Amino acid sequence: MRILVTGAAGFIGSHLCEKLLQDPRHEVIGMDAFVPSTSPISVREQNLTNLLRNTRFQFLQQDLRQADWTAVLPRVDVIYHLAGIPGVRSSWGNDFQHYVSHNILATQSLLEACRQFPISKFIYASTSSVYGEQSGAVPEHAVTRPLSPYGVSKLTGEHLCRVYAHNNGLPVVILRFFTVYGPRQRTDMAFHRFIRQLLHQEPITIYGDGTQSRDFTFVQDCVSAVASVLDAPEVIGETINIGGKERATVLESLALLEDLLGVQGNYQFIGKIYGEPSQTWADIRKAHKLLGYEPQVTLRQGLALECEYMRKLYNL
Ligand code: NAD
Ligand code: UGA
């Protein structure tokens with residue numbers, strides 16, 4: 001199969017391309033514009049190192065909003081659309097324009113192009129942030145009430161996908177990821193920041209009181225689920241949660257990291273959490289039923305792998 005992955009230089013996108021290429025049947029076209037965003041461009045260039053050695057991988061440095069789709073889509077069977085501006089906390093103020101442009105307008109331009117070129121699956125990377133504050137394990141049919149402008153932009157992307165599915169028969173699958181972590185995690189995300197702060201003996205920046213909890217998903221578990229959508233027979237039109245093996249609070253995760261790195265953190269509580277839910281918790285029964293998904297990696301195992309990556313990244 002010929003597969004287009006947008007956002008291929010990103011944290012999840014680069015892992016997904018590597019996962020897809022493990023199957024010798026596939027060729028992958030990775031598209032990314034290195035948009036100034038939550039991670040430095042140099043880190044995202046490094047994410048592509050292994051991929052660029054693979055002869056079944058082609059990289060296109062293109063912005064979705066100006067891409068020449070006639071040169072790309074006729075060669076593509078399946079699209080994984082991961083490109084976008086992530087990050088819950090940076091979506092306020094004028095920065096929201098950036099989110100609208102890359103999460104909404106870029107998505108619509110890709111969907112519009114798909115009207116001309118038939119594809120067999122269009123898989124959209126959505127987020128737990130569409131749910132907002134919920135109690136207990138949240139199923140996909142829960143009412144969506146995003147708390148951040150980021151969540152609104154991603155939910156709008158979902159709705160656009162459904163509009164093109166309804167009117168143009170686009171074979172859409174929506175996946176909602178829950179706080180993904182592991183090697184190559186974006187530099188703005190909690191574990192990347194905490195590990196760097198611990199290794200450099202800098203104060204640990206904790207939002208709120210640290211009792212907020214997340215359903216943390218190890219990146220290899222996430223991309224295994226995402227890749228399995230390719231061959232899954234009954235997923236068109238579905239929205240599916242992709243959560244992790246374990247939930248934990250920020251303070252519990254920090255205790256694990258201190259233990260793994262053998263350092264004690266100097267905690268700095270830097271104020272209220274703004275636009276974030278106090279907990280996320282994925283009901284993953286649907287992913288299990290439709291994709292056979294079963295997350296494998298414990299938080300301790302996953303954090304150990306992220307620490308190893310961070311030591312190499314920062315030469316520590
Ligand atoms: P990332 O920032 O590492 O990767 C996104 C990539 O998209 C970047 O390399 C960026 O250059 C590219 N991009 C953005 N706009 C583009 C455009 N117009 N044209 C071409 N390339 C463009 O982010 P990530 O953490 O890997 O997230 C990937 C996707 O998964 C995002 O859509 C995000 O909303 C979603 N998601 C991520 C998480 C998580 O925990 N990381 C959780 C839920 C959902
Ligand atoms: C993550 C991603 O950044 C989003 O792109 C994604 O859409 C979202 O998951 C999701 O699942 O929907 P977030 O849950 O905020 O967002 O992930 P982290 O940055 O890893 O933060 C986890 C928790 O740590 C949050 O509660 C945050 O308040 C806290 N945190 C983060 C701190 O206390 N200090 C920090 O320095 C950073």
# chains A, B, ... in the order shown; residues from 1 in each chain; ligands from 1
$ closest_atom_pairs --of "chain A" --to "ligand 2" --cutoff "9 Å" --atoms "only C-alpha atoms and all ligand atoms" --output "CSV"
residue,atom,partner,partner_atom_place_in_ligand_line,distance
A:Ile85,CA,ligand 2,5 (O),7.8
A:Pro86,CA,ligand 2,5 (O),4.1
A:Gly87,CA,ligand 2,3 (O),4.2
A:Val88,CA,ligand 2,15 (O),5.7
A:Arg89,CA,ligand 2,15 (O),7.0
A:Ser126,CA,ligand 2,7 (O),7.2
A:Thr127,CA,ligand 2,12 (O),4.0
A:Ser128,CA,ligand 2,12 (O),3.8
A:Ser129,CA,ligand 2,12 (O),3.9
A:Val130,CA,ligand 2,12 (O),7.2
A:Tyr131,CA,ligand 2,12 (O),8.6
A:Tyr150,CA,ligand 2,7 (O),7.8
A:Gly151,CA,ligand 2,7 (O),7.3
A:Lys154,CA,ligand 2,7 (O),8.3
A:Arg176,CA,ligand 2,12 (O),7.5
A:Phe177,CA,ligand 2,11 (O),5.6
A:Phe178,CA,ligand 2,11 (O),3.5
A:Thr179,CA,ligand 2,9 (O),3.5
A:Val180,CA,ligand 2,9 (O),6.3
A:Tyr181,CA,ligand 2,20 (O),7.1
A:Gln185,CA,ligand 2,20 (O),8.8
A:Arg186,CA,ligand 2,3 (O),7.8
A:Thr187,CA,ligand 2,19 (O),8.9
A:Asp188,CA,ligand 2,19 (O),6.2
A:Met189,CA,ligand 2,19 (O),3.4
A:Ala190,CA,ligand 2,37 (C),3.6
A:Phe191,CA,ligand 2,20 (O),5.9
A:His192,CA,ligand 2,20 (O),7.9
A:Arg193,CA,ligand 2,36 (O),5.7
A:Phe194,CA,ligand 2,36 (O),6.6
A:Ile204,CA,ligand 2,36 (O),7.0
A:Thr205,CA,ligand 2,36 (O),4.6
A:Ile206,CA,ligand 2,33 (O),3.5
A:Tyr207,CA,ligand 2,33 (O),3.9
A:Gly208,CA,ligand 2,33 (O),6.8
A:Asp209,CA,ligand 2,33 (O),8.0
A:Gly210,CA,ligand 2,33 (O),6.0
A:Thr211,CA,ligand 2,26 (O),8.4
A:Gln212,CA,ligand 2,26 (O),5.4
A:Ser213,CA,ligand 2,26 (O),6.3
A:Arg214,CA,ligand 2,14 (O),6.3
A:Asp215,CA,ligand 2,11 (O),7.8
A:Phe216,CA,ligand 2,20 (O),8.0
A:Thr217,CA,ligand 2,11 (O),8.7
A:Gly243,CA,ligand 2,11 (O),8.7
A:Thr249,CA,ligand 2,23 (C),7.9
A:Val250,CA,ligand 2,24 (O),5.6
A:Leu251,CA,ligand 2,33 (O),8.4
A:Phe269,CA,ligand 2,33 (O),8.1
A:Ile270,CA,ligand 2,34 (N),8.3
A:Lys272,CA,ligand 2,28 (O),8.7
A:Ile273,CA,ligand 2,28 (O),5.8
A:Tyr274,CA,ligand 2,28 (O),8.2
A:Glu276,CA,ligand 2,26 (O),6.7
A:Pro277,CA,ligand 2,26 (O),7.4
A:Ser278,CA,ligand 2,26 (O),7.0
A:Gln279,CA,ligand 2,26 (O),7.6
A:Thr280,CA,ligand 2,11 (O),7.7
$ residues_around --residues "segment 32-49 of chain A" --least-positions-apart "2" --cutoff "8 Å" --atoms "only C-alpha atoms" --output "number ranges by chain"
A: 6-11, 14, 30, 51-53, 59-64, 83, 85-87, 184, 186-188
$ write_last_selection --atoms "C-alpha atoms" --output "short mmCIF file (atom, residue, chain, number, x, y, z; two decimals), in the first residue's frame"
data_model
loop_
_atom_site.label_atom_id
_atom_site.label_comp_id
_atom_site.auth_asym_id
_atom_site.auth_seq_id
_atom_site.Cartn_x
_atom_site.Cartn_y
_atom_site.Cartn_z
CA THR A 6 1.10 14.19 7.25
CA GLY A 7 3.11 15.55 10.18
CA ALA A 8 5.74 12.87 9.50
CA ALA A 9 8.59 14.77 11.16
CA GLY A 10 6.63 15.14 14.37
CA PHE A 11 6.78 13.06 17.53
CA SER A 14 7.88 9.80 12.79
CA GLY A 30 5.89 11.59 4.72
CA LEU A 51 13.39 7.13 7.98
CA LEU A 52 15.55 8.91 5.44
CA ARG A 53 17.73 5.79 5.16
CA PHE A 59 9.91 12.85 2.37
CA LEU A 60 8.08 15.88 1.01
CA GLN A 61 8.76 19.17 2.77
CA GLN A 62 5.44 20.80 1.98
CA ASP A 63 2.79 22.78 3.77
CA LEU A 64 -0.65 21.18 3.50
CA ALA A 83 -0.11 17.34 10.86
CA ILE A 85 -0.32 22.38 15.96
CA PRO A 86 -0.58 20.41 19.20
CA GLY A 87 -0.33 21.70 22.77
CA ARG A 184 10.98 11.98 20.78
CA ARG A 186 7.67 17.09 22.15
CA THR A 187 9.75 19.50 24.21
CA ASP A 188 6.67 21.30 25.60
#
$ select_by_dssp --residues "segment 69-265 of chain A" --states "strand (DSSP E or B)" --output "PyMOL selection string"
chain A and resi 78-81+121-127+138+172-177+180-181+204-206+213-218+239-242+246-249
$ atom_distance --atom1 "atom 26 (O, counted along the ligand's line) of ligand 1" --atom2 "atom CA of Thr107 of chain A"
15.5 Å
$ select_by_dssp --residues "segment 86-307 of chain A" --states "alpha helix (DSSP H)" --output "compact mmCIF listing (two decimals) with N, CA, C and O atoms, in the first residue's frame"
# COMPACT_ATOMS: atom_id res chain seq x y z
N PHE A 96 -4.02 31.43 18.77
CA PHE A 96 -5.10 30.59 18.26
C PHE A 96 -5.19 30.65 16.72
O PHE A 96 -5.59 29.69 16.08
N GLN A 97 -4.76 31.79 16.15
CA GLN A 97 -4.80 31.91 14.68
C GLN A 97 -3.98 30.81 14.02
O GLN A 97 -4.34 30.26 12.98
N HIS A 98 -2.86 30.51 14.65
CA HIS A 98 -1.96 29.47 14.19
C HIS A 98 -2.69 28.10 14.23
O HIS A 98 -2.59 27.29 13.32
N TYR A 99 -3.44 27.86 15.29
CA TYR A 99 -4.20 26.61 15.46
C TYR A 99 -5.30 26.51 14.42
O TYR A 99 -5.54 25.45 13.85
N ALA A 106 -5.87 23.78 7.15
CA ALA A 106 -5.02 22.78 6.46
C ALA A 106 -5.79 21.46 6.32
O ALA A 106 -5.70 20.79 5.28
N THR A 107 -6.55 21.09 7.35
CA THR A 107 -7.35 19.85 7.28
C THR A 107 -8.39 19.96 6.17
O THR A 107 -8.56 19.03 5.37
N GLN A 108 -9.04 21.11 6.11
CA GLN A 108 -10.07 21.28 5.07
C GLN A 108 -9.46 21.25 3.68
O GLN A 108 -10.05 20.70 2.75
N SER A 109 -8.24 21.78 3.55
CA SER A 109 -7.65 21.78 2.20
C SER A 109 -7.29 20.36 1.77
O SER A 109 -7.46 19.98 0.61
N LEU A 110 -6.83 19.54 2.71
CA LEU A 110 -6.56 18.14 2.39
C LEU A 110 -7.86 17.38 2.08
O LEU A 110 -7.93 16.61 1.10
N LEU A 111 -8.89 17.62 2.87
CA LEU A 111 -10.18 16.94 2.63
C LEU A 111 -10.75 17.31 1.26
O LEU A 111 -11.28 16.46 0.53
N GLU A 112 -10.61 18.58 0.93
CA GLU A 112 -11.12 19.07 -0.35
C GLU A 112 -10.40 18.35 -1.50
O GLU A 112 -11.02 17.90 -2.46
N ALA A 113 -9.06 18.20 -1.35
CA ALA A 113 -8.27 17.52 -2.40
C ALA A 113 -8.71 16.07 -2.55
O ALA A 113 -8.68 15.51 -3.65
N CYS A 114 -9.12 15.45 -1.42
CA CYS A 114 -9.52 14.03 -1.47
C CYS A 114 -10.80 13.82 -2.28
O CYS A 114 -11.12 12.68 -2.65
N PRO A 149 -8.91 26.29 23.52
CA PRO A 149 -9.03 26.59 22.08
C PRO A 149 -8.43 25.47 21.24
O PRO A 149 -8.95 25.15 20.16
N TYR A 150 -7.34 24.85 21.71
CA TYR A 150 -6.76 23.71 20.98
C TYR A 150 -7.81 22.62 20.78
O TYR A 150 -7.99 22.11 19.66
N GLY A 151 -8.50 22.25 21.87
CA GLY A 151 -9.53 21.21 21.78
C GLY A 151 -10.61 21.58 20.78
O GLY A 151 -11.09 20.72 20.02
N VAL A 152 -10.98 22.85 20.76
CA VAL A 152 -12.00 23.32 19.79
C VAL A 152 -11.49 23.13 18.37
O VAL A 152 -12.21 22.66 17.48
N SER A 153 -10.20 23.47 18.15
CA SER A 153 -9.67 23.37 16.77
C SER A 153 -9.63 21.91 16.32
O SER A 153 -9.93 21.60 15.17
N LYS A 154 -9.28 20.99 17.23
CA LYS A 154 -9.22 19.57 16.84
C LYS A 154 -10.62 18.98 16.66
O LYS A 154 -10.84 18.14 15.78
N LEU A 155 -11.57 19.43 17.48
CA LEU A 155 -12.95 18.95 17.32
C LEU A 155 -13.52 19.46 15.99
O LEU A 155 -14.24 18.74 15.30
N THR A 156 -13.17 20.68 15.63
CA THR A 156 -13.62 21.22 14.34
C THR A 156 -13.04 20.36 13.21
O THR A 156 -13.73 20.06 12.23
N GLY A 157 -11.77 19.95 13.36
CA GLY A 157 -11.15 19.06 12.36
C GLY A 157 -11.94 17.75 12.24
O GLY A 157 -12.19 17.28 11.13
N GLU A 158 -12.35 17.21 13.39
CA GLU A 158 -13.18 15.98 13.36
C GLU A 158 -14.46 16.23 12.58
O GLU A 158 -14.86 15.43 11.72
N HIS A 159 -15.13 17.35 12.91
CA HIS A 159 -16.41 17.63 12.25
C HIS A 159 -16.23 17.80 10.74
O HIS A 159 -17.07 17.36 9.95
N LEU A 160 -15.13 18.45 10.34
CA LEU A 160 -14.87 18.60 8.91
C LEU A 160 -14.74 17.23 8.25
O LEU A 160 -15.28 16.99 7.17
N CYS A 161 -14.01 16.33 8.92
CA CYS A 161 -13.86 14.97 8.36
C CYS A 161 -15.24 14.33 8.18
O CYS A 161 -15.52 13.70 7.15
N ARG A 162 -16.12 14.50 9.18
CA ARG A 162 -17.45 13.89 9.09
C ARG A 162 -18.28 14.52 7.98
O ARG A 162 -19.08 13.84 7.32
N VAL A 163 -18.09 15.83 7.77
CA VAL A 163 -18.82 16.52 6.69
C VAL A 163 -18.44 15.92 5.34
O VAL A 163 -19.29 15.63 4.50
N TYR A 164 -17.13 15.69 5.12
CA TYR A 164 -16.67 15.13 3.84
C TYR A 164 -17.02 13.65 3.73
O TYR A 164 -17.22 13.13 2.64
N ALA A 165 -17.13 12.98 4.87
CA ALA A 165 -17.56 11.57 4.84
C ALA A 165 -19.03 11.51 4.41
O ALA A 165 -19.41 10.74 3.53
N HIS A 166 -19.84 12.38 5.00
CA HIS A 166 -21.27 12.38 4.72
C HIS A 166 -21.58 12.78 3.28
O HIS A 166 -22.36 12.14 2.59
N ASN A 167 -20.93 13.86 2.83
CA ASN A 167 -21.29 14.41 1.52
C ASN A 167 -20.52 13.82 0.36
O ASN A 167 -21.00 13.83 -0.77
N ASN A 168 -19.33 13.32 0.63
CA ASN A 168 -18.48 12.85 -0.48
C ASN A 168 -18.09 11.39 -0.33
O ASN A 168 -17.26 10.89 -1.09
N ALA A 190 4.90 17.38 29.36
CA ALA A 190 5.29 17.27 30.76
C ALA A 190 6.54 16.40 30.96
O ALA A 190 7.51 16.86 31.58
N PHE A 191 6.56 15.18 30.46
CA PHE A 191 7.68 14.28 30.79
C PHE A 191 8.99 14.78 30.19
O PHE A 191 10.03 14.67 30.82
N HIS A 192 8.92 15.33 28.96
CA HIS A 192 10.15 15.88 28.37
C HIS A 192 10.68 17.00 29.28
O HIS A 192 11.87 17.05 29.60
N ARG A 193 9.79 17.87 29.71
CA ARG A 193 10.22 18.98 30.58
C ARG A 193 10.74 18.46 31.92
O ARG A 193 11.81 18.88 32.38
N PHE A 194 10.01 17.53 32.52
CA PHE A 194 10.41 17.04 33.85
C PHE A 194 11.77 16.34 33.79
O PHE A 194 12.62 16.54 34.66
N ILE A 195 11.97 15.49 32.78
CA ILE A 195 13.25 14.75 32.69
C ILE A 195 14.40 15.74 32.49
O ILE A 195 15.44 15.65 33.14
N ARG A 196 14.18 16.73 31.60
CA ARG A 196 15.23 17.72 31.36
C ARG A 196 15.51 18.51 32.65
O ARG A 196 16.66 18.71 33.04
N GLN A 197 14.45 18.89 33.33
CA GLN A 197 14.63 19.66 34.58
C GLN A 197 15.35 18.82 35.63
O GLN A 197 16.25 19.32 36.33
N LEU A 198 15.00 17.55 35.74
CA LEU A 198 15.67 16.68 36.73
C LEU A 198 17.15 16.49 36.37
O LEU A 198 18.02 16.59 37.24
N LEU A 199 17.41 16.25 35.08
CA LEU A 199 18.81 16.00 34.67
C LEU A 199 19.67 17.26 34.83
O LEU A 199 20.86 17.17 35.12
N VAL A 219 4.23 5.74 23.19
CA VAL A 219 4.13 6.01 21.76
C VAL A 219 4.10 4.74 20.90
O VAL A 219 3.41 4.69 19.87
N GLN A 220 4.80 3.67 21.33
CA GLN A 220 4.77 2.44 20.52
C GLN A 220 3.40 1.78 20.59
O GLN A 220 2.92 1.20 19.61
N ASP A 221 2.76 1.84 21.77
CA ASP A 221 1.38 1.33 21.86
C ASP A 221 0.48 2.14 20.94
O ASP A 221 -0.34 1.59 20.19
N CYS A 222 0.65 3.47 21.00
CA CYS A 222 -0.20 4.36 20.17
C CYS A 222 -0.05 4.02 18.69
O CYS A 222 -1.04 3.75 18.00
N VAL A 223 1.20 3.96 18.20
CA VAL A 223 1.35 3.76 16.74
C VAL A 223 1.00 2.33 16.32
O VAL A 223 0.62 2.10 15.17
N SER A 224 1.10 1.37 17.24
CA SER A 224 0.63 0.01 16.89
C SER A 224 -0.87 0.03 16.62
O SER A 224 -1.35 -0.57 15.65
N ALA A 225 -1.59 0.74 17.49
CA ALA A 225 -3.05 0.85 17.29
C ALA A 225 -3.34 1.58 15.98
O ALA A 225 -4.19 1.16 15.20
N VAL A 226 -2.61 2.66 15.75
CA VAL A 226 -2.87 3.47 14.55
C VAL A 226 -2.58 2.66 13.28
O VAL A 226 -3.37 2.66 12.33
N ALA A 227 -1.48 1.93 13.29
CA ALA A 227 -1.12 1.12 12.11
C ALA A 227 -2.14 0.01 11.88
O ALA A 227 -2.44 -0.33 10.73
N SER A 228 -2.72 -0.52 12.97
CA SER A 228 -3.64 -1.65 12.80
C SER A 228 -4.95 -1.24 12.13
O SER A 228 -5.70 -2.09 11.65
N VAL A 250 0.29 13.79 38.05
CA VAL A 250 1.59 14.43 37.75
C VAL A 250 2.58 14.08 38.87
O VAL A 250 3.74 13.73 38.60
N LEU A 251 2.13 14.15 40.13
CA LEU A 251 3.05 13.87 41.25
C LEU A 251 3.50 12.40 41.25
O LEU A 251 4.67 12.10 41.52
N GLU A 252 2.59 11.49 40.94
CA GLU A 252 2.98 10.06 40.87
C GLU A 252 4.01 9.82 39.76
O GLU A 252 4.96 9.07 39.93
N SER A 253 3.80 10.48 38.62
CA SER A 253 4.74 10.32 37.50
C SER A 253 6.12 10.86 37.89
O SER A 253 7.15 10.28 37.56
N LEU A 254 6.10 11.99 38.60
CA LEU A 254 7.38 12.59 39.01
C LEU A 254 8.13 11.67 39.97
O LEU A 254 9.36 11.54 39.89
N ALA A 255 7.39 11.02 40.86
CA ALA A 255 8.04 10.10 41.81
C ALA A 255 8.72 8.96 41.04
O ALA A 255 9.85 8.55 41.36
N LEU A 256 8.05 8.47 40.01
CA LEU A 256 8.64 7.41 39.17
C LEU A 256 9.91 7.90 38.48
O LEU A 256 10.93 7.20 38.44
N LEU A 257 9.84 9.11 37.94
CA LEU A 257 11.01 9.66 37.23
C LEU A 257 12.19 9.88 38.18
O LEU A 257 13.34 9.60 37.84
N GLU A 258 11.90 10.35 39.40
CA GLU A 258 12.97 10.57 40.38
C GLU A 258 13.65 9.25 40.72
O GLU A 258 14.87 9.15 40.82
N ASP A 259 12.83 8.22 40.85
CA ASP A 259 13.36 6.90 41.15
C ASP A 259 14.23 6.38 39.99
O ASP A 259 15.33 5.88 40.19
N LEU A 260 13.72 6.54 38.77
CA LEU A 260 14.46 6.04 37.60
C LEU A 260 15.78 6.78 37.39
O LEU A 260 16.78 6.19 37.00
N LEU A 261 15.77 8.09 37.67
CA LEU A 261 16.97 8.89 37.42
C LEU A 261 17.86 9.01 38.66
O LEU A 261 19.00 9.51 38.56
N ARG A 285 -12.45 0.04 25.22
CA ARG A 285 -13.09 -1.23 24.81
C ARG A 285 -13.36 -1.28 23.31
O ARG A 285 -13.26 -2.32 22.68
N LYS A 286 -13.67 -0.12 22.73
CA LYS A 286 -13.95 -0.10 21.28
C LYS A 286 -12.67 -0.38 20.49
O LYS A 286 -12.69 -1.13 19.51
N ALA A 287 -11.55 0.21 20.94
CA ALA A 287 -10.26 -0.05 20.25
C ALA A 287 -9.91 -1.53 20.36
O ALA A 287 -9.37 -2.12 19.42
N HIS A 288 -10.23 -2.12 21.49
CA HIS A 288 -9.94 -3.54 21.67
C HIS A 288 -10.81 -4.36 20.70
O HIS A 288 -10.32 -5.27 20.02
N LYS A 289 -12.07 -4.00 20.62
CA LYS A 289 -13.01 -4.77 19.79
C LYS A 289 -12.69 -4.61 18.29
O LYS A 289 -12.63 -5.59 17.55
N LEU A 290 -12.45 -3.38 17.85
CA LEU A 290 -12.29 -3.15 16.41
C LEU A 290 -10.86 -3.34 15.92
O LEU A 290 -10.63 -3.67 14.76
N LEU A 291 -9.89 -3.10 16.82
CA LEU A 291 -8.49 -3.14 16.38
C LEU A 291 -7.69 -4.23 17.09
O LEU A 291 -6.51 -4.42 16.81
N LEU A 299 3.87 2.43 32.71
CA LEU A 299 4.40 3.79 32.80
C LEU A 299 5.88 3.74 33.17
O LEU A 299 6.70 4.48 32.61
N ARG A 300 6.24 2.86 34.07
CA ARG A 300 7.65 2.77 34.48
C ARG A 300 8.54 2.36 33.29
O ARG A 300 9.58 2.97 33.06
N GLN A 301 8.09 1.35 32.54
CA GLN A 301 8.88 0.91 31.36
C GLN A 301 9.00 2.03 30.33
O GLN A 301 10.07 2.30 29.79
N GLY A 302 7.88 2.69 30.08
CA GLY A 302 7.87 3.75 29.05
C GLY A 302 8.71 4.94 29.47
O GLY A 302 9.44 5.51 28.65
N LEU A 303 8.64 5.30 30.74
CA LEU A 303 9.43 6.44 31.21
C LEU A 303 10.92 6.11 31.18
O LEU A 303 11.74 6.98 30.88
N ALA A 304 11.26 4.86 31.48
CA ALA A 304 12.68 4.47 31.42
C ALA A 304 13.21 4.67 29.99
O ALA A 304 14.31 5.17 29.79
N LEU A 305 12.38 4.31 28.99
CA LEU A 305 12.81 4.47 27.59
C LEU A 305 12.90 5.95 27.21
O LEU A 305 13.80 6.35 26.47
N GLU A 306 11.99 6.76 27.75
CA GLU A 306 12.07 8.20 27.44
C GLU A 306 13.32 8.82 28.11
O GLU A 306 14.00 9.66 27.52
N CYS A 307 13.63 8.37 29.33
CA CYS A 307 14.83 8.89 30.03
C CYS A 307 16.09 8.55 29.23
O CYS A 307 16.98 9.40 29.06
$ closest_residue --among "A:Ala125, A:Leu147, A:Ala248, A:Ile3" --to "Ser91 of chain A" --atoms "only C-alpha atoms"
A:Leu147
$ atom_distance --atom1 "atom CA of Gln264 of chain A" --atom2 "atom CA of Val297 of chain A"
24.7 Å
$ residues_around --residues "segment 75-81 of chain A" --least-positions-apart "6" --cutoff "6 Å" --atoms "only C-alpha atoms" --output "MDAnalysis selection string"
chainID A and resid 2:6 119:124
$ atom_distance --atom1 "atom 40 (O, counted along the ligand's line) of ligand 1" --atom2 "atom CA of Gly13 of chain A"
11.4 Å
$ closest_residue --among "A:Ile242, A:Val143, A:Ala71, A:Met310" --to "ligand 1" --atoms "only C-alpha atoms and all ligand atoms"
A:Ile242
$ closest_residue --among "A:Pro118, A:Pro233, A:Pro203, A:Gly84" --to "ligand 1" --atoms "only C-alpha atoms and all ligand atoms"
A:Gly84
$ closest_residue --among "A:Asp231, A:Glu202, A:Glu238, A:Asp23" --to "Leu175 of chain A" --atoms "only C-alpha atoms"
A:Glu238
$ closest_residue --among "A:Phe218, A:Tyr314, A:Tyr293, A:Trp281" --to "ligand 1" --atoms "only C-alpha atoms and all ligand atoms"
A:Phe218
